[in-house]
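Report on one structure; see the data block that follows.
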Amino acid sequence: MSVHEPEVLGRAYDARLMRRLLGYLRPHRRSVGVALATIAAGSVLQLAQPWLTKVAIDDHIAPGDLDGLDRIALAFLLVLAGSFVLEYVQTWTMQMMGQRIMFDLRMEIYRHLQRLDLRFYDRNPVGRLMTRVTSDVDTLNELFTSGVVTVFRDVFMLAGIMIVLLWMDWRLALVTFAVLPGIAWVTHWFRMNARESYRRVRLQIARINAFLQENISGMATVQLFRREARNFEQFERINRAHRDANLESIFYYATFYPAIEVLGAVATALIVWYGGGRALQDTVELGALVAFLQYSQRFFKPISDLSEKFNILQSAMASSERIFGLLDTPVEITSPTAPQRVPDLVRGASDVAAAVRPRGGADPPAMSPVPGRGSLPVAGPAGSPGGARIRFEHVWFAYRGDEYVLRDVSFEVAAGERVGVVGATGAGKTTLINLLMRFYDVDRGRITVDGIDTREIPLADLRQRFGLVLQDVYLFSGSVRENIRLGHDAIGDAAVRAAARSVHADRFIARLPAGLDSEVGERGATLSVGQRQLLSFARALAFAPEVLLLDEATSSVDTDTERLIQDALHVLMAERTTIAIAHRLSTVQDMDQILVFHKGELREAGTHQQLLVRRGLYHTLYQLQYRDQERAGTPERAAAGQTAPEPAVVDSGSGG
Amino acid sequence: MSPAASALFPYLVRYRHRFALGSVFLVLSTAITLASPWVLKHAIDHLAVRLGPDFMLAAAGPSLASHAAALVGLALAGGACRFLMRRIIIGASREIELDLRNDLFRHLQRLPPAWFQANRTGDLMSRATNDLSAVRMLAGPAIMYTASTSITFVVALVLMLSLSPALTLFALLPLPLVSVVVQRFGSAIYLRSERIQAQLAHMSAVVQEALAGVRVVRAYRREGVEIERFREANEEYVARSRAMIRLQGAFHPTLAFLLGLSALIVLWIGSRHVIDGRLSIGDFVAFNVYVAMLSWPMIAFGWVTNMLQRGLAAWQRMLDVLQVEPAVRDPETPVAPGRIRGAVEFRDLTFAYDGRAVLSGVSARVEPGQVLALVGPTGSGKSTLVDLLPRLYDPPPGTVFVDGIDVRELALDTLRGAIGYVPQEPLLFSETVAGNVAFGVRAAGGAVADAVGLAQLDVDVAGFPRGLDTEVGERGITLSGGQKQRAALARAILTDPRILILDDALSAVDTHTEEAILARLREVMRQRTTILVAHRISTVRDADLILVLDDGRVVERGTHAELVALDGLYAGLHHKQLLQEALEES
Ligand SMILES: Nc1ncnc2c1ncn2[C@@H]1O[C@H](COP(=O)(O)OP(=O)(O)OP(=O)(O)O)[C@@H](O)[C@H]1O
Ligand SMILES: Nc1ncnc2c1ncn2[C@@H]1O[C@H](COP(=O)(O)OP(=O)(O)OP(=O)(O)O)[C@@H](O)[C@H]1O
Ligand SMILES: [Mg+2]
Ligand SMILES: [Mg+2]
């Protein structure tokens, strides 16, 4: 399924949608009340102006009483001032309320986005989600600021005038109301069609955003492949679709509004024809007929006002369908309702969890940036020197349907162990980490950490035990420092520096224009790829995790630096668990355990020596590298070459 | 007219016929609106006369019906005019929006990577959508309202003048005040809109980054921080909007107040005129009605000012992008080399990113069919060097040559068409695998499959649910790291390049696959130039020329054998890599 496929447009029931939208007004009842009061008072004052004029004419001008006129003029001025104040108050309350509702709604959407799982992000382009948070919300603004309240007024007026008309002459009134079914039908027609076209507008806006997001961030690739013309074509197509959807909505709106007016004119004509006829038959007074006509025209004023609001409403409903659709997307991966506490997590982890919890609430307890353990550059979780014990038990997993990417995978990583994961590309190595971090949940089997199913550990507790270096490095625009500590203020400068030093990033950071404060640009654009990788490595260390998860963490780093980092890690992770994915066997050779994956299955496990003895997959991989070295042909190699197939029984841990 | 506004002018002029036609319907619909009360009045007068003593009842039917029909007919005509007016004018504004967005995107496509590094994606997106929609309001609704307002205004004025020129003059006394108010509020609205639009852009940049980095956000429990960041942006946006509300809250009532002043003056002075006998009481009443007619233009005037200023502020923001001259662009008179063979030369190349020197004095030369390899520590300038060849960044003149021609003298299309580039961080697009591989050229299925095979991606693709037609998600999110790299490789191979650049392009690929790829590439690249960046000696060993870069300088150069014999940095690296493997093996 294409990520750009139109999203499914659920036929949400308008009443429910509307009720939900109105729910956002509830906390602002007072503002609504104030607005209604000012509108009512404002209408009175508005009527006062012609009335004052009338009084002036009848009582003062006609008799020639100039003194009274002054008083009238003063009253007039007061009325003006009053209107000014009332309108100001009304605009202010309504608009402020609108802004506050928008604020809350945006926060609600964004909070939800921060909880949604990765499967959702696999399906939804970033640009589309951005549309939900920004422009979809903005479309609702008008509904809340001008729509809802004035609708009350219009409906109120409508009811009032209907009563007056019925009271004046019920037969004429019924004749006037004869057009109401017509209005209902036109409105229904408009609602069905306009909604559809507004949906299409929203859809196209989201597509425009998604397209822009992707192409702006990938512009260099576009240019390198001289793809500009074709991409432009593609963009123009979406753009045209957007215009067409808009033109369509103009069509419906431009038809709807005049149609209502024509119906109003039909009503007037009916009154003239039928009422006039009756006047001629002397059953109606001419004066009454004229008054009736005037009122009936007032009758159509709120109706055409309402039709205007109705347009706003349709557009708002189309947006709110999308917004609510997003808000109603269930979060598949959540913290358990009755979480299990890992015994040794209680002290250390929750401390750190509290310490790294972002601002808000109580001030975080300071986390000591410099650990107690002598030369260790970063803080360790106080309560868990041994790292965590991790078990995969018959794990099956598929990203899509039943295309299993992992099949019946079982292994155990003892606390403090260092484990290497190797295997061909696409074998499912990264997927292991995705599951361990609960980016996705296993389909079958389970994963335990210290004996507890990961699904029973609060997400934050679980994730805070791991320090992950992702295969696809991601840096945020901001300083080097911020990229290492990622907003967790508890990680002090010393810890940041220490982490940078242990991955040998300190040298290049020192040479940046502003050192740790240098801006790295979006996605770290102003750094070399290796430098970015080093920063993301430093980030993992700065968080002092119990378990370090390295997914090709040094693939873009030169071999010298890689070696230095490995040495540093030996010390740093001495008592903690490390899981390192690498395709360079040299990276994992001296690990306590090596897991060999092939096409989603764990094929072999053991130490380097054990695996070589088995003469299986690992052995083959190894020979490939060995052959590689042989071509280089140096004295050491020649000697080693002979021993390679029959591995020596020497302890491999000493290497490096 | 300000320079910004005049830049918008051509877009409006393009649709001048539509605007003219739309205006005709606008005038017509206004006229009809004014006419229908007149018909009604006529109908009633008619009734009144007929109700007089002399008339027979029998004649009543048809005439009443014709009046009624006239009313409906007029409404129909008016409705049709209004429909056409909306359709044409607002439709034109949608066309303008289309043109503007196309032009903006086309322009963005000409800007070099360095510019995108200085501008955030979310910000640019906001300009292409939020700002643009404010500009559209300026180009459509604002124009329409201005026209209809002016007509009503003129009509009311004429009617007023016909009744009493003197009183009209008095009634218009507050007009200068209106213009001062509009001026003042207008420029304030402009400034505040600018701030609002900027904040909107900032907000979308915040969202964009947080969503694009969702994995890191989750892994490091940065959700709270991101929510906080967003809340700040959101709050600031509300604060800035609030400043605008304060202004608008005052603006409309002020206009209404000034209009009320007019009415007050009319009442005040007019009544004296009536008492003096200079004005009949009927005319005075009518005059008051006409003054009331002005209230709609006054309200619309407020809206228009608002839309206008907001639109102009947004337009300025768009212009800030549209008026950027692309730093890397085609030469005035590009050299047309015919067919590029693929000889590459760097001649005493020195390069700096905004003042920070990254390459100094790099010289090297490879002939078609040869392999140039670059090795060196992280950050030594390898990627920078290869980026200069397709002019992602512009090298200084006279430093980088293809077939002996300075790359700056070649048309970008010619130059980039000859180069296949596999970047260090491969970026795929949300398309199918085949679509991504055929990104640079329109190619037949067979050619795509060949390229995929050459990049050793065929086995993986065979396992995908829909093979080559599998969608890969945004940035290729549903592929593994190695699959992405190989797809990027296939993409470059398919362009049939004269020069192939592999910037550490196999870093996520296992040794076995790497071997296989390099072996097949050697075949394909026999007649072409290859530039290879790598960290592993094993990858570069067979190159015709190896450059060892350190801190932007070439510290060693030669073939593998020469460099090993030289016993310098390269030899050290080589030794260490071998030793490392030998030790591990023992
Ligand atoms: N988000 C996803 N949605 C669908 N399929 C996916 C997703 N991520 C990975 N895959 C598929 O799952 C398989 C395993 O991918 P994984 O990333 O685990 O491989 P890997 O072993 O890490 O490979 P590499 O060494 O190339 O990084 C691949 O075939 C890949 O196409
Ligand atoms: N767009 C940029 N703006 C400013 N500085 C940059 C930019 N790109 C790279 N640099 C700096 O230039 C230097 C060389 O970067 P380059 O990417 O060429 O290194 P590299 O040799 O490719 O390294 P790696 O092996 O890590 O890929 C680095 O110090 C880097 O920080
Ligand atoms: Mg991977
Ligand atoms: Mg590089």
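In the structure tokens, chains take letters A, B, ... by order of appearance, with residues numbered from 1 within each chain and ligands from 1 in the order shown.
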So which residues touch His188 (chain A) within 12 Å, counting only C-alpha atoms, skipping near sequence neighbours fewer than 6 positions away, as a list in words?
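My reading of the contact set: Pro181, Gly182, Ala194, Arg195, Tyr252, Phe256, Ser307, Phe310, Asn311 and Gln314 of chain A.
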Report as a PyMOL selection string which protein, DNA and RNA residues come within 7 Å of ligand 4, using only C-alpha atoms and all ligand atoms.
(chain A and resi 528-530) or (chain B and resi 379+381-383+424+503)
To check your reading of the model: which residues sit at most 9 Å from ligand 2 when counting only C-alpha atoms and all ligand atoms? Write the answer as a PyMOL selection string.
(chain A and resi 508-509+511-512+520-521+524-534+556-558) or (chain B and resi 113-114+117+352-359+374-387+393+424+503-504+533-535+549-552)
Could you give me the residues within 9 Å of ligand 1, counting only C-alpha atoms and all ligand atoms, as a ChimeraX atom specification?
/A:118-119,121-123,398-400,403-406,422-434,471,551-552,581-583,597-600 /B:460-461,463-464,472-473,476-485,508-510
Could you name the residues that touch Ser304 (chain A) at 8 Å or less, counting only C-alpha atoms, but leaving out those on the same chain fewer than 4 positions away, as a ChimeraX atom specification?
/A:257,260-261,300,308
Residues from last step as file, all heavy atoms, as an mmCIF file, in the first residue's frame:
data_model
loop_
_atom_site.group_PDB
_atom_site.id
_atom_site.type_symbol
_atom_site.label_atom_id
_atom_site.label_comp_id
_atom_site.auth_asym_id
_atom_site.auth_seq_id
_atom_site.Cartn_x
_atom_site.Cartn_y
_atom_site.Cartn_z
ATOM 1 N N TYR A 257 -25.038 29.364 -1.850
ATOM 2 C CA TYR A 257 -25.417 30.640 -1.269
ATOM 3 C C TYR A 257 -26.472 31.352 -2.123
ATOM 4 O O TYR A 257 -27.538 31.722 -1.614
ATOM 5 C CB TYR A 257 -24.143 31.474 -1.081
ATOM 6 C CG TYR A 257 -24.305 32.594 -0.119
ATOM 7 C CD1 TYR A 257 -24.526 32.340 1.233
ATOM 8 C CD2 TYR A 257 -24.228 33.913 -0.543
ATOM 9 C CE1 TYR A 257 -24.681 33.376 2.132
ATOM 10 C CE2 TYR A 257 -24.387 34.948 0.342
ATOM 11 C CZ TYR A 257 -24.608 34.677 1.680
ATOM 12 O OH TYR A 257 -24.768 35.704 2.564
ATOM 13 N N ILE A 260 -29.918 29.698 -1.894
ATOM 14 C CA ILE A 260 -30.683 30.083 -0.700
ATOM 15 C C ILE A 260 -31.347 31.440 -0.939
ATOM 16 O O ILE A 260 -32.524 31.662 -0.608
ATOM 17 C CB ILE A 260 -29.754 30.160 0.528
ATOM 18 C CG1 ILE A 260 -29.176 28.793 0.858
ATOM 19 C CG2 ILE A 260 -30.487 30.743 1.728
ATOM 20 C CD1 ILE A 260 -30.145 27.834 1.486
ATOM 21 N N GLU A 261 -30.609 32.340 -1.563
ATOM 22 C CA GLU A 261 -31.169 33.664 -1.825
ATOM 23 C C GLU A 261 -32.352 33.591 -2.782
ATOM 24 O O GLU A 261 -33.354 34.281 -2.612
ATOM 25 C CB GLU A 261 -30.095 34.591 -2.376
ATOM 26 C CG GLU A 261 -29.143 35.054 -1.298
ATOM 27 C CD GLU A 261 -28.155 36.082 -1.825
ATOM 28 O OE1 GLU A 261 -27.780 35.986 -3.010
ATOM 29 O OE2 GLU A 261 -27.776 36.960 -1.057
ATOM 30 N N PHE A 300 -35.072 35.641 6.166
ATOM 31 C CA PHE A 300 -34.044 35.023 5.329
ATOM 32 C C PHE A 300 -32.633 35.486 5.639
ATOM 33 O O PHE A 300 -31.672 34.859 5.245
ATOM 34 C CB PHE A 300 -34.377 35.213 3.853
ATOM 35 C CG PHE A 300 -35.417 34.237 3.432
ATOM 36 C CD1 PHE A 300 -36.750 34.580 3.410
ATOM 37 C CD2 PHE A 300 -35.046 32.942 3.137
ATOM 38 C CE1 PHE A 300 -37.702 33.656 3.070
ATOM 39 C CE2 PHE A 300 -35.997 32.008 2.797
ATOM 40 C CZ PHE A 300 -37.334 32.358 2.764
ATOM 41 N N GLU A 308 -23.817 30.599 5.405
ATOM 42 C CA GLU A 308 -22.398 30.963 5.415
ATOM 43 C C GLU A 308 -21.653 30.140 6.471
ATOM 44 O O GLU A 308 -20.596 29.573 6.226
ATOM 45 C CB GLU A 308 -22.263 32.449 5.736
ATOM 46 C CG GLU A 308 -20.896 33.002 5.536
ATOM 47 C CD GLU A 308 -20.867 33.923 4.314
ATOM 48 O OE1 GLU A 308 -21.916 34.510 3.979
ATOM 49 O OE2 GLU A 308 -19.812 34.032 3.707
#
Which residues are close to Leu261 (chain B), i.e. within 10 Å by only C-alpha atoms, leaving aside same-chain residues fewer than 3 positions away? Reply as an NGL selection string.
(:A and (76-77 or 80)) or (:B and (171-174 or 255-258 or 264-267))
Only all heavy atoms, please: the residues just picked out, written as a tab-separated table (two decimals), in the first residue's frame.
chain	number	residue	atom	x	y	z
A	76	PHE	N	-26.85	59.06	21.51
A	76	PHE	CA	-26.30	58.41	20.32
A	76	PHE	C	-24.82	58.11	20.52
A	76	PHE	O	-24.33	57.01	20.27
A	76	PHE	CB	-26.50	59.34	19.12
A	76	PHE	CG	-26.50	58.62	17.80
A	76	PHE	CD1	-27.68	58.43	17.10
A	76	PHE	CD2	-25.32	58.17	17.23
A	76	PHE	CE1	-27.68	57.77	15.89
A	76	PHE	CE2	-25.31	57.53	16.02
A	76	PHE	CZ	-26.49	57.32	15.34
A	77	LEU	N	-24.12	59.11	21.01
A	77	LEU	CA	-22.69	58.96	21.23
A	77	LEU	C	-22.42	57.84	22.24
A	77	LEU	O	-21.52	57.02	22.07
A	77	LEU	CB	-22.11	60.29	21.74
A	77	LEU	CG	-20.59	60.45	21.59
A	77	LEU	CD1	-20.21	60.41	20.12
A	77	LEU	CD2	-20.14	61.76	22.22
A	80	LEU	N	-22.86	54.58	20.69
A	80	LEU	CA	-21.69	54.25	19.87
A	80	LEU	C	-20.55	53.71	20.74
A	80	LEU	O	-19.94	52.68	20.44
A	80	LEU	CB	-21.19	55.50	19.13
A	80	LEU	CG	-21.97	55.89	17.89
A	80	LEU	CD1	-21.32	57.10	17.24
A	80	LEU	CD2	-22.00	54.73	16.91
B	171	ALA	N	-21.15	64.38	6.37
B	171	ALA	CA	-21.15	62.95	6.68
B	171	ALA	C	-19.78	62.33	6.42
B	171	ALA	O	-19.38	61.38	7.08
B	171	ALA	CB	-22.19	62.22	5.83
B	172	LEU	N	-19.07	62.90	5.45
B	172	LEU	CA	-17.77	62.34	5.11
B	172	LEU	C	-16.63	62.87	5.98
B	172	LEU	O	-15.49	62.49	5.80
B	172	LEU	CB	-17.45	62.59	3.64
B	172	LEU	CG	-18.34	61.84	2.65
B	172	LEU	CD1	-17.90	62.09	1.23
B	172	LEU	CD2	-18.36	60.35	2.95
B	173	LEU	N	-16.99	63.76	6.92
B	173	LEU	CA	-15.95	64.34	7.77
B	173	LEU	C	-15.04	63.30	8.45
B	173	LEU	O	-13.83	63.49	8.49
B	173	LEU	CB	-16.60	65.23	8.84
B	173	LEU	CG	-16.75	66.70	8.44
B	173	LEU	CD1	-17.30	67.50	9.62
B	173	LEU	CD2	-15.41	67.29	8.02
B	174	PRO	N	-15.62	62.22	8.97
B	174	PRO	CA	-14.73	61.25	9.64
B	174	PRO	C	-13.82	60.48	8.68
B	174	PRO	O	-12.97	59.74	9.11
B	174	PRO	CB	-15.69	60.28	10.33
B	174	PRO	CG	-17.00	60.96	10.33
B	174	PRO	CD	-17.02	61.84	9.13
B	255	LEU	N	-13.67	51.22	13.36
B	255	LEU	CA	-14.29	51.58	12.09
B	255	LEU	C	-15.79	51.80	12.28
B	255	LEU	O	-16.37	52.77	11.79
B	255	LEU	CB	-14.05	50.48	11.05
B	255	LEU	CG	-12.64	50.42	10.48
B	255	LEU	CD1	-12.52	49.28	9.49
B	255	LEU	CD2	-12.27	51.73	9.80
B	256	ALA	N	-16.42	50.89	13.04
B	256	ALA	CA	-17.86	51.01	13.28
B	256	ALA	C	-18.15	52.32	14.02
B	256	ALA	O	-19.13	53.02	13.74
B	256	ALA	CB	-18.35	49.83	14.10
B	257	PHE	N	-17.27	52.66	14.92
B	257	PHE	CA	-17.44	53.88	15.70
B	257	PHE	C	-17.38	55.11	14.79
B	257	PHE	O	-18.21	56.02	14.89
B	257	PHE	CB	-16.34	53.94	16.76
B	257	PHE	CG	-16.46	55.12	17.69
B	257	PHE	CD1	-17.38	55.10	18.73
B	257	PHE	CD2	-15.66	56.25	17.51
B	257	PHE	CE1	-17.50	56.18	19.58
B	257	PHE	CE2	-15.79	57.33	18.36
B	257	PHE	CZ	-16.71	57.30	19.40
B	258	LEU	N	-16.41	55.09	13.90
B	258	LEU	CA	-16.27	56.24	12.99
B	258	LEU	C	-17.49	56.36	12.08
B	258	LEU	O	-17.97	57.47	11.81
B	258	LEU	CB	-15.00	56.09	12.15
B	258	LEU	CG	-13.71	56.28	12.96
B	258	LEU	CD1	-12.48	56.01	12.11
B	258	LEU	CD2	-13.65	57.70	13.53
B	264	LEU	N	-24.05	60.21	13.44
B	264	LEU	CA	-24.31	61.22	14.47
B	264	LEU	C	-24.26	62.63	13.87
B	264	LEU	O	-25.13	63.47	14.13
B	264	LEU	CB	-23.27	61.06	15.58
B	264	LEU	CG	-23.37	62.03	16.76
B	264	LEU	CD1	-24.73	61.88	17.44
B	264	LEU	CD2	-22.26	61.81	17.76
B	265	ILE	N	-23.24	62.85	13.05
B	265	ILE	CA	-23.11	64.17	12.42
B	265	ILE	C	-24.32	64.46	11.55
B	265	ILE	O	-24.87	65.57	11.57
B	265	ILE	CB	-21.81	64.23	11.58
B	265	ILE	CG1	-20.59	64.18	12.51
B	265	ILE	CG2	-21.78	65.50	10.73
B	265	ILE	CD1	-19.28	64.04	11.79
B	266	VAL	N	-24.74	63.43	10.81
B	266	VAL	CA	-25.89	63.61	9.94
B	266	VAL	C	-27.13	63.98	10.78
B	266	VAL	O	-27.87	64.90	10.45
B	266	VAL	CB	-26.16	62.33	9.12
B	266	VAL	CG1	-27.52	62.40	8.44
B	266	VAL	CG2	-25.07	62.15	8.08
B	267	LEU	N	-27.26	63.27	11.87
B	267	LEU	CA	-28.40	63.54	12.74
B	267	LEU	C	-28.33	64.96	13.30
B	267	LEU	O	-29.29	65.73	13.29
B	267	LEU	CB	-28.40	62.53	13.89
B	267	LEU	CG	-29.55	62.62	14.89
B	267	LEU	CD1	-30.85	62.22	14.22
B	267	LEU	CD2	-29.30	61.74	16.10
One residue among A:Leu624, A:Met97, A:Val473, A:Ala498 is nearest to ligand 3 when using only C-alpha atoms and all ligand atoms, and that residue is A:Val473
Env of Leu45 (chain A): 12 Å cut, atoms = only C-alpha atoms, seq-sep filter 2 positions within chain, self excluded. Answer as a ChimeraX atom specification.
/A:38-43,47-52,75-87 /B:260
